[in-house]
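Structure file model.cif with mmCIF, N, CA and C atoms:
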```cif
data_model
#
loop_
_atom_site.label_atom_id
_atom_site.label_comp_id
_atom_site.auth_asym_id
_atom_site.auth_seq_id
_atom_site.Cartn_x
_atom_site.Cartn_y
_atom_site.Cartn_z
N MET O 482 -2.30 1.83 -17.77
CA MET O 482 -1.66 2.19 -16.51
C MET O 482 -0.16 1.83 -16.62
N THR O 483 0.71 2.74 -16.22
CA THR O 483 2.15 2.48 -16.28
C THR O 483 2.57 1.59 -15.12
N ASP O 484 3.79 1.05 -15.21
CA ASP O 484 4.33 0.24 -14.11
C ASP O 484 4.36 1.05 -12.82
N SER O 485 4.75 2.31 -12.90
CA SER O 485 4.80 3.16 -11.71
C SER O 485 3.41 3.38 -11.12
N ASP O 486 2.43 3.62 -11.97
CA ASP O 486 1.05 3.81 -11.49
C ASP O 486 0.55 2.54 -10.81
N GLU O 487 0.79 1.40 -11.43
CA GLU O 487 0.36 0.12 -10.86
C GLU O 487 1.03 -0.12 -9.50
N PHE O 488 2.32 0.14 -9.43
CA PHE O 488 3.06 -0.03 -8.19
C PHE O 488 2.52 0.88 -7.09
N LEU O 489 2.33 2.16 -7.40
CA LEU O 489 1.82 3.10 -6.40
C LEU O 489 0.41 2.75 -5.93
N THR O 490 -0.41 2.22 -6.81
CA THR O 490 -1.74 1.76 -6.42
C THR O 490 -1.62 0.61 -5.43
N TRP O 491 -0.72 -0.33 -5.69
CA TRP O 491 -0.49 -1.46 -4.79
C TRP O 491 0.03 -0.97 -3.44
N VAL O 492 0.97 -0.06 -3.44
CA VAL O 492 1.52 0.49 -2.20
C VAL O 492 0.41 1.15 -1.38
N GLY O 493 -0.44 1.92 -2.05
CA GLY O 493 -1.50 2.66 -1.36
C GLY O 493 -2.68 1.81 -0.94
N SER O 494 -2.78 0.60 -1.44
CA SER O 494 -3.91 -0.26 -1.08
C SER O 494 -3.43 -1.51 -0.33
N SER O 495 -2.96 -2.50 -1.03
CA SER O 495 -2.58 -3.78 -0.41
C SER O 495 -1.50 -3.63 0.66
N LEU O 496 -0.44 -2.90 0.34
CA LEU O 496 0.64 -2.74 1.31
C LEU O 496 0.17 -1.96 2.53
N HIS O 497 -0.56 -0.88 2.31
CA HIS O 497 -1.09 -0.08 3.42
C HIS O 497 -2.01 -0.92 4.31
N GLU O 498 -2.91 -1.69 3.70
CA GLU O 498 -3.83 -2.53 4.47
C GLU O 498 -3.08 -3.59 5.28
N ALA O 499 -2.01 -4.15 4.73
CA ALA O 499 -1.23 -5.16 5.44
C ALA O 499 -0.54 -4.56 6.66
N GLU O 500 -0.02 -3.36 6.53
CA GLU O 500 0.64 -2.70 7.67
C GLU O 500 -0.38 -2.36 8.75
N LEU O 501 -1.54 -1.91 8.35
CA LEU O 501 -2.61 -1.62 9.31
C LEU O 501 -3.02 -2.89 10.05
N ALA O 502 -3.16 -4.00 9.33
CA ALA O 502 -3.53 -5.28 9.96
C ALA O 502 -2.46 -5.72 10.96
N LEU O 503 -1.19 -5.56 10.61
CA LEU O 503 -0.10 -5.95 11.52
C LEU O 503 -0.23 -5.18 12.84
N HIS O 504 -0.58 -3.93 12.76
CA HIS O 504 -0.72 -3.10 13.97
C HIS O 504 -2.02 -3.37 14.72
N ASN O 505 -2.83 -4.27 14.17
CA ASN O 505 -4.07 -4.70 14.82
C ASN O 505 -4.05 -6.21 15.03
N VAL O 506 -2.91 -6.79 15.34
CA VAL O 506 -2.72 -8.17 15.79
C VAL O 506 -2.73 -9.21 14.66
N ASP O 507 -2.72 -8.83 13.40
CA ASP O 507 -2.82 -9.81 12.32
C ASP O 507 -1.62 -9.71 11.38
N ALA O 508 -0.70 -10.64 11.48
CA ALA O 508 0.50 -10.64 10.65
C ALA O 508 0.28 -11.26 9.27
N ALA O 509 -0.80 -11.99 9.07
CA ALA O 509 -1.00 -12.75 7.83
C ALA O 509 -0.99 -11.87 6.57
N PRO O 510 -1.68 -10.73 6.55
CA PRO O 510 -1.64 -9.92 5.32
C PRO O 510 -0.23 -9.40 4.99
N ARG O 511 0.53 -9.02 6.02
CA ARG O 511 1.90 -8.57 5.76
C ARG O 511 2.73 -9.73 5.22
N ARG O 512 2.64 -10.89 5.84
CA ARG O 512 3.44 -12.03 5.40
C ARG O 512 3.11 -12.41 3.97
N ALA O 513 1.83 -12.29 3.60
CA ALA O 513 1.41 -12.65 2.25
C ALA O 513 2.04 -11.75 1.18
N LEU O 514 2.42 -10.54 1.55
CA LEU O 514 3.01 -9.62 0.60
C LEU O 514 4.53 -9.72 0.51
N TRP O 515 5.11 -10.54 1.37
CA TRP O 515 6.56 -10.71 1.36
C TRP O 515 6.94 -11.90 0.50
N SER O 516 8.09 -11.76 -0.16
CA SER O 516 8.60 -12.81 -1.04
C SER O 516 8.86 -14.09 -0.27
N ARG O 517 8.62 -15.21 -0.92
CA ARG O 517 8.98 -16.53 -0.40
C ARG O 517 10.29 -16.99 -1.03
N ASN O 518 10.90 -16.12 -1.81
CA ASN O 518 12.20 -16.41 -2.43
C ASN O 518 13.30 -15.70 -1.64
N GLU O 519 14.41 -16.39 -1.48
CA GLU O 519 15.57 -15.77 -0.82
C GLU O 519 16.30 -14.88 -1.81
N PRO O 520 16.96 -13.85 -1.36
CA PRO O 520 17.07 -13.43 0.03
C PRO O 520 15.91 -12.53 0.43
N VAL O 521 15.54 -12.59 1.71
CA VAL O 521 14.62 -11.64 2.34
C VAL O 521 15.26 -11.19 3.64
N SER O 522 15.02 -9.94 4.01
CA SER O 522 15.65 -9.43 5.22
C SER O 522 14.91 -8.22 5.77
N VAL O 523 15.05 -8.05 7.07
CA VAL O 523 14.52 -6.87 7.76
C VAL O 523 15.62 -6.36 8.68
N LEU O 524 15.94 -5.11 8.55
CA LEU O 524 16.77 -4.40 9.51
C LEU O 524 15.81 -3.44 10.18
N GLY O 525 15.20 -3.91 11.25
CA GLY O 525 14.07 -3.21 11.84
C GLY O 525 14.43 -2.23 12.93
N ALA O 526 13.45 -1.40 13.25
CA ALA O 526 13.62 -0.42 14.31
C ALA O 526 13.78 -1.12 15.66
N TRP O 527 13.17 -2.32 15.80
CA TRP O 527 13.23 -3.06 17.07
C TRP O 527 13.94 -4.40 16.95
N ARG O 528 13.79 -5.06 15.80
CA ARG O 528 14.39 -6.38 15.62
C ARG O 528 14.78 -6.59 14.16
N ASN O 529 15.71 -7.51 13.93
CA ASN O 529 16.16 -7.85 12.59
C ASN O 529 15.74 -9.28 12.25
N ALA O 530 15.72 -9.59 10.95
CA ALA O 530 15.40 -10.95 10.50
C ALA O 530 16.07 -11.19 9.16
N PHE O 531 16.60 -12.41 9.01
CA PHE O 531 17.24 -12.82 7.76
C PHE O 531 16.73 -14.21 7.42
N GLY O 532 16.10 -14.35 6.26
CA GLY O 532 15.57 -15.64 5.84
C GLY O 532 14.13 -15.84 6.25
N GLN O 533 13.52 -16.85 5.66
CA GLN O 533 12.07 -17.09 5.81
C GLN O 533 11.65 -17.37 7.25
N GLN O 534 12.37 -18.24 7.96
CA GLN O 534 11.96 -18.60 9.32
C GLN O 534 12.05 -17.40 10.25
N GLU O 535 13.14 -16.66 10.18
CA GLU O 535 13.28 -15.49 11.03
C GLU O 535 12.22 -14.43 10.70
N LEU O 536 11.90 -14.31 9.41
CA LEU O 536 10.86 -13.37 8.99
C LEU O 536 9.50 -13.77 9.59
N ASP O 537 9.16 -15.05 9.50
CA ASP O 537 7.91 -15.54 10.09
C ASP O 537 7.87 -15.26 11.58
N ASP O 538 8.97 -15.55 12.27
CA ASP O 538 9.04 -15.31 13.72
C ASP O 538 8.90 -13.83 14.04
N LEU O 539 9.56 -12.98 13.27
CA LEU O 539 9.49 -11.54 13.49
C LEU O 539 8.07 -11.02 13.33
N PHE O 540 7.43 -11.36 12.23
CA PHE O 540 6.08 -10.84 11.97
C PHE O 540 5.07 -11.35 13.00
N THR O 541 5.18 -12.63 13.37
CA THR O 541 4.29 -13.18 14.40
C THR O 541 4.50 -12.46 15.72
N GLY O 542 5.76 -12.22 16.08
CA GLY O 542 6.07 -11.53 17.33
C GLY O 542 5.58 -10.09 17.32
N LEU O 543 5.75 -9.39 16.20
CA LEU O 543 5.28 -8.01 16.12
C LEU O 543 3.76 -7.94 16.25
N ALA O 544 3.06 -8.85 15.59
CA ALA O 544 1.60 -8.85 15.67
C ALA O 544 1.13 -9.07 17.10
N ARG O 545 1.88 -9.86 17.87
CA ARG O 545 1.53 -10.07 19.28
C ARG O 545 1.76 -8.81 20.11
N GLN O 546 2.75 -8.00 19.72
CA GLN O 546 3.06 -6.79 20.47
C GLN O 546 2.09 -5.65 20.17
N PHE O 547 1.64 -5.55 18.91
CA PHE O 547 0.80 -4.44 18.49
C PHE O 547 -0.68 -4.74 18.70
N SER O 548 -1.45 -3.69 19.00
CA SER O 548 -2.91 -3.80 19.06
C SER O 548 -3.50 -2.39 19.03
N ASN O 549 -4.80 -2.35 18.85
CA ASN O 549 -5.56 -1.10 18.96
C ASN O 549 -4.94 0.05 18.16
N CYS O 550 -4.67 -0.20 16.90
CA CYS O 550 -4.12 0.85 16.05
C CYS O 550 -5.20 1.88 15.77
N THR O 551 -4.96 3.09 16.18
CA THR O 551 -5.93 4.16 15.95
C THR O 551 -5.56 5.01 14.74
N SER O 552 -4.31 4.90 14.29
CA SER O 552 -3.88 5.68 13.13
C SER O 552 -2.62 5.07 12.52
N TYR O 553 -2.63 4.89 11.20
CA TYR O 553 -1.44 4.49 10.47
C TYR O 553 -1.46 5.22 9.13
N SER O 554 -0.43 5.99 8.88
CA SER O 554 -0.31 6.67 7.60
C SER O 554 1.16 6.75 7.23
N TYR O 555 1.40 6.98 5.97
CA TYR O 555 2.79 7.12 5.55
C TYR O 555 2.89 8.26 4.56
N LYS O 556 4.06 8.85 4.57
CA LYS O 556 4.38 9.91 3.62
C LYS O 556 5.47 9.37 2.72
N LEU O 557 5.14 9.17 1.46
CA LEU O 557 6.10 8.65 0.50
C LEU O 557 7.07 9.77 0.13
N LEU O 558 8.34 9.57 0.39
CA LEU O 558 9.36 10.57 0.12
C LEU O 558 10.02 10.37 -1.24
N ALA O 559 10.21 9.11 -1.62
CA ALA O 559 10.83 8.78 -2.91
C ALA O 559 10.47 7.36 -3.28
N TYR O 560 10.46 7.08 -4.57
CA TYR O 560 10.23 5.72 -5.06
C TYR O 560 10.73 5.65 -6.49
N ASP O 561 10.92 4.43 -6.95
CA ASP O 561 11.22 4.21 -8.35
C ASP O 561 10.87 2.77 -8.69
N VAL O 562 10.54 2.56 -9.94
CA VAL O 562 10.26 1.24 -10.47
C VAL O 562 11.14 1.08 -11.70
N VAL O 563 11.96 0.02 -11.70
CA VAL O 563 12.82 -0.27 -12.84
C VAL O 563 12.65 -1.75 -13.16
N GLY O 564 11.90 -2.03 -14.19
CA GLY O 564 11.64 -3.41 -14.57
C GLY O 564 10.90 -4.14 -13.47
N ASN O 565 11.50 -5.21 -12.96
CA ASN O 565 10.86 -6.02 -11.93
C ASN O 565 11.34 -5.70 -10.52
N MET O 566 11.97 -4.54 -10.36
CA MET O 566 12.46 -4.09 -9.05
C MET O 566 11.90 -2.71 -8.76
N ALA O 567 11.71 -2.43 -7.47
CA ALA O 567 11.22 -1.12 -7.06
C ALA O 567 11.69 -0.85 -5.63
N TYR O 568 11.62 0.42 -5.24
CA TYR O 568 11.92 0.77 -3.86
C TYR O 568 11.02 1.91 -3.42
N THR O 569 10.84 2.03 -2.12
CA THR O 569 10.16 3.18 -1.53
C THR O 569 10.98 3.67 -0.35
N ALA O 570 10.95 4.96 -0.13
CA ALA O 570 11.49 5.59 1.07
C ALA O 570 10.36 6.43 1.63
N SER O 571 10.02 6.22 2.91
CA SER O 571 8.84 6.88 3.45
C SER O 571 8.99 7.14 4.94
N LEU O 572 8.08 7.95 5.44
CA LEU O 572 7.90 8.13 6.88
C LEU O 572 6.57 7.48 7.23
N GLU O 573 6.59 6.59 8.21
CA GLU O 573 5.38 5.89 8.65
C GLU O 573 4.98 6.43 10.02
N HIS O 574 3.78 6.98 10.10
CA HIS O 574 3.27 7.56 11.34
C HIS O 574 2.24 6.61 11.93
N THR O 575 2.47 6.16 13.16
CA THR O 575 1.61 5.15 13.78
C THR O 575 1.22 5.54 15.19
N SER O 576 -0.05 5.33 15.50
CA SER O 576 -0.55 5.39 16.87
C SER O 576 -1.20 4.04 17.15
N ALA O 577 -0.63 3.30 18.08
CA ALA O 577 -1.12 1.95 18.41
C ALA O 577 -0.63 1.59 19.80
N SER O 578 -1.19 0.54 20.34
CA SER O 578 -0.66 0.03 21.60
C SER O 578 0.47 -0.93 21.29
N VAL O 579 1.56 -0.80 22.05
CA VAL O 579 2.71 -1.69 21.95
C VAL O 579 2.87 -2.32 23.33
N ASP O 580 2.71 -3.64 23.36
CA ASP O 580 2.71 -4.36 24.64
C ASP O 580 1.70 -3.76 25.61
N GLY O 581 0.54 -3.38 25.08
CA GLY O 581 -0.56 -2.86 25.90
C GLY O 581 -0.48 -1.40 26.26
N GLN O 582 0.59 -0.72 25.86
CA GLN O 582 0.76 0.70 26.19
C GLN O 582 0.58 1.55 24.94
N PRO O 583 -0.32 2.56 24.99
CA PRO O 583 -0.50 3.43 23.82
C PRO O 583 0.80 4.16 23.48
N ARG O 584 1.12 4.17 22.19
CA ARG O 584 2.32 4.86 21.71
C ARG O 584 2.03 5.53 20.38
N THR O 585 2.72 6.61 20.15
CA THR O 585 2.70 7.27 18.85
C THR O 585 4.15 7.43 18.44
N TYR O 586 4.47 7.02 17.22
CA TYR O 586 5.85 7.07 16.77
C TYR O 586 5.91 7.20 15.25
N THR O 587 7.08 7.60 14.78
CA THR O 587 7.34 7.70 13.36
C THR O 587 8.56 6.85 13.03
N LEU O 588 8.43 6.05 11.97
CA LEU O 588 9.55 5.27 11.46
C LEU O 588 9.95 5.80 10.10
N ARG O 589 11.23 5.86 9.89
CA ARG O 589 11.78 6.14 8.56
C ARG O 589 12.01 4.76 7.96
N ALA O 590 11.38 4.47 6.82
CA ALA O 590 11.43 3.13 6.25
C ALA O 590 11.82 3.15 4.78
N THR O 591 12.72 2.25 4.43
CA THR O 591 13.08 2.01 3.04
C THR O 591 12.79 0.55 2.76
N GLN O 592 12.09 0.29 1.67
CA GLN O 592 11.76 -1.09 1.30
C GLN O 592 12.17 -1.34 -0.14
N ILE O 593 12.57 -2.58 -0.38
CA ILE O 593 12.93 -3.05 -1.72
C ILE O 593 11.90 -4.11 -2.12
N TYR O 594 11.44 -4.02 -3.36
CA TYR O 594 10.41 -4.93 -3.87
C TYR O 594 10.90 -5.59 -5.15
N ARG O 595 10.37 -6.79 -5.39
CA ARG O 595 10.58 -7.42 -6.69
C ARG O 595 9.25 -8.00 -7.17
N ARG O 596 9.09 -7.93 -8.48
CA ARG O 596 7.87 -8.48 -9.07
C ARG O 596 8.11 -9.96 -9.32
N GLU O 597 7.24 -10.79 -8.74
CA GLU O 597 7.33 -12.23 -8.87
C GLU O 597 6.01 -12.76 -9.39
N ASP O 598 6.05 -13.45 -10.50
CA ASP O 598 4.83 -13.97 -11.12
C ASP O 598 3.78 -12.88 -11.30
N GLY O 599 4.23 -11.69 -11.68
CA GLY O 599 3.33 -10.59 -11.97
C GLY O 599 2.84 -9.82 -10.76
N GLU O 600 3.28 -10.18 -9.54
CA GLU O 600 2.84 -9.49 -8.33
C GLU O 600 4.02 -8.90 -7.59
N TRP O 601 3.81 -7.74 -6.99
CA TRP O 601 4.86 -7.12 -6.19
C TRP O 601 4.98 -7.83 -4.86
N LYS O 602 6.23 -8.08 -4.46
CA LYS O 602 6.54 -8.71 -3.17
C LYS O 602 7.65 -7.91 -2.52
N VAL O 603 7.59 -7.79 -1.20
CA VAL O 603 8.63 -7.11 -0.45
C VAL O 603 9.78 -8.10 -0.25
N ALA O 604 11.01 -7.62 -0.46
CA ALA O 604 12.20 -8.47 -0.28
C ALA O 604 13.08 -7.97 0.86
N HIS O 605 13.02 -6.68 1.15
CA HIS O 605 13.86 -6.11 2.20
C HIS O 605 13.19 -4.88 2.79
N ARG O 606 13.38 -4.70 4.09
CA ARG O 606 12.89 -3.52 4.80
C ARG O 606 13.97 -3.04 5.76
N HIS O 607 14.18 -1.75 5.76
CA HIS O 607 15.02 -1.13 6.77
C HIS O 607 14.18 -0.02 7.39
N GLY O 608 14.06 -0.06 8.71
CA GLY O 608 13.29 0.96 9.41
C GLY O 608 14.00 1.40 10.67
N ASP O 609 13.89 2.67 10.97
CA ASP O 609 14.41 3.17 12.23
C ASP O 609 13.52 4.31 12.71
N THR O 610 13.59 4.53 14.02
CA THR O 610 12.76 5.58 14.60
C THR O 610 13.37 6.94 14.29
N VAL O 611 12.50 7.91 14.20
CA VAL O 611 12.92 9.27 13.91
C VAL O 611 11.98 10.22 14.64
N SER O 612 12.49 11.31 15.07
CA SER O 612 11.63 12.34 15.65
C SER O 612 11.60 13.51 14.67
N GLU O 613 10.40 13.98 14.40
CA GLU O 613 10.25 15.08 13.43
C GLU O 613 10.18 16.40 14.14
#
```
Structure encoded using structure tokens:
Amino acid sequence: MTDSDEFLTWVGSSLHEAELALHNVDAAPRRALWSRNEPVSVLGAWRNAFGQQELDDLFTGLARQFSNCTSYSYKLLAYDVVGNMAYTASLEHTSASVDGQPRTYTLRATQIYRREDGEWKVAHRHGDTVSE
């Protein structure tokens, strides 16, 4: 299996499952996939975070806001793997309750990853809302 194949398998399984869990009140799987090494950052559609403490606060807060995810899918638009670094650019389609209100939305998301101790970890995320 090539590095690209391995990375895409991880994106389609572990990363996808962590995002689904976040939208169903559980931030732990997402946090487990994020690097514990600095720098880490999120330029989010709703909130930003820089550093470990802000990241923990952000993910915990998002998990409290989200519930009852009925659909989460993404369309991978571009990606690359170069050594121990990778990126994805995608559209994320979500139907979930936000603060108890059902919502359907699409985020345009770019993420940066680094391989640490043989495992892919997210180091940066930029997301914004988009209407298709």
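Counting from atom CA of Val611 of chain O, the distance to atom CA of Arg528 of chain O is 15.8 Å.
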Could you check how far atom CA of Ala570 of chain O sits from atom CA of Leu489 of chain O, in Å to one decimal?
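Straight-line distance from atom CA of Ala570 of chain O to atom CA of Leu489 of chain O works out to 12.5 Å.
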Mind checking which residues fall within 9 Å of segment 492-503 of chain O, counting only C-alpha atoms, ignoring those fewer than 2 positions away in the same chain, and posting them as a list in words?
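These residues fall inside the cut-off: Glu487, Phe488, Leu489, Thr490, Asn505, Val506, Asp507, Ala508, Ala509, Pro510, Arg511, Arg512, Ala513, Leu514, Phe540, Thr541, Leu543, Ala544, Arg545, Phe547, Ser548, Cys550, Ser552, Tyr553, Ser554 and Tyr555 of chain O.
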Could you list as a ChimeraX atom specification every residue that has an atom within 8 Å of (8.0, -10.4, -6.9), using the file's coordinates and counting all atoms listed in the file?
/O:515-517,565-566,594-604
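One finds atom N of Glu535 of chain O at 27.5 Å from atom N of Thr551 of chain O.
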Apply the PyMOL selection byres ((chain O and resi 585-593) around 8) to the file shown and report the selected residues as an MDAnalysis selection string.
chainID O and resid 526 566:579 582:584 594:596 602:613
Give the strand (DSSP E) residues of chain O, as DSSP finds them on the backbone, and put them as a PyMOL selection string.
chain O and resi 522-524+529-531+547-563+566-579+582-597+600-610
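The residues of segment 493-558 of chain O that DSSP classifies as alpha helix (DSSP H), using the backbone of this structure, are His497, Glu498, Ala499, Glu500, Leu501, Ala502, Leu503, Ala509, Pro510, Arg511, Arg512, Ala513, Gln533, Gln534, Glu535, Leu536, Asp537, Asp538, Leu539, Phe540, Thr541, Gly542, Leu543, Ala544, Arg545 and Gln546 of chain O.
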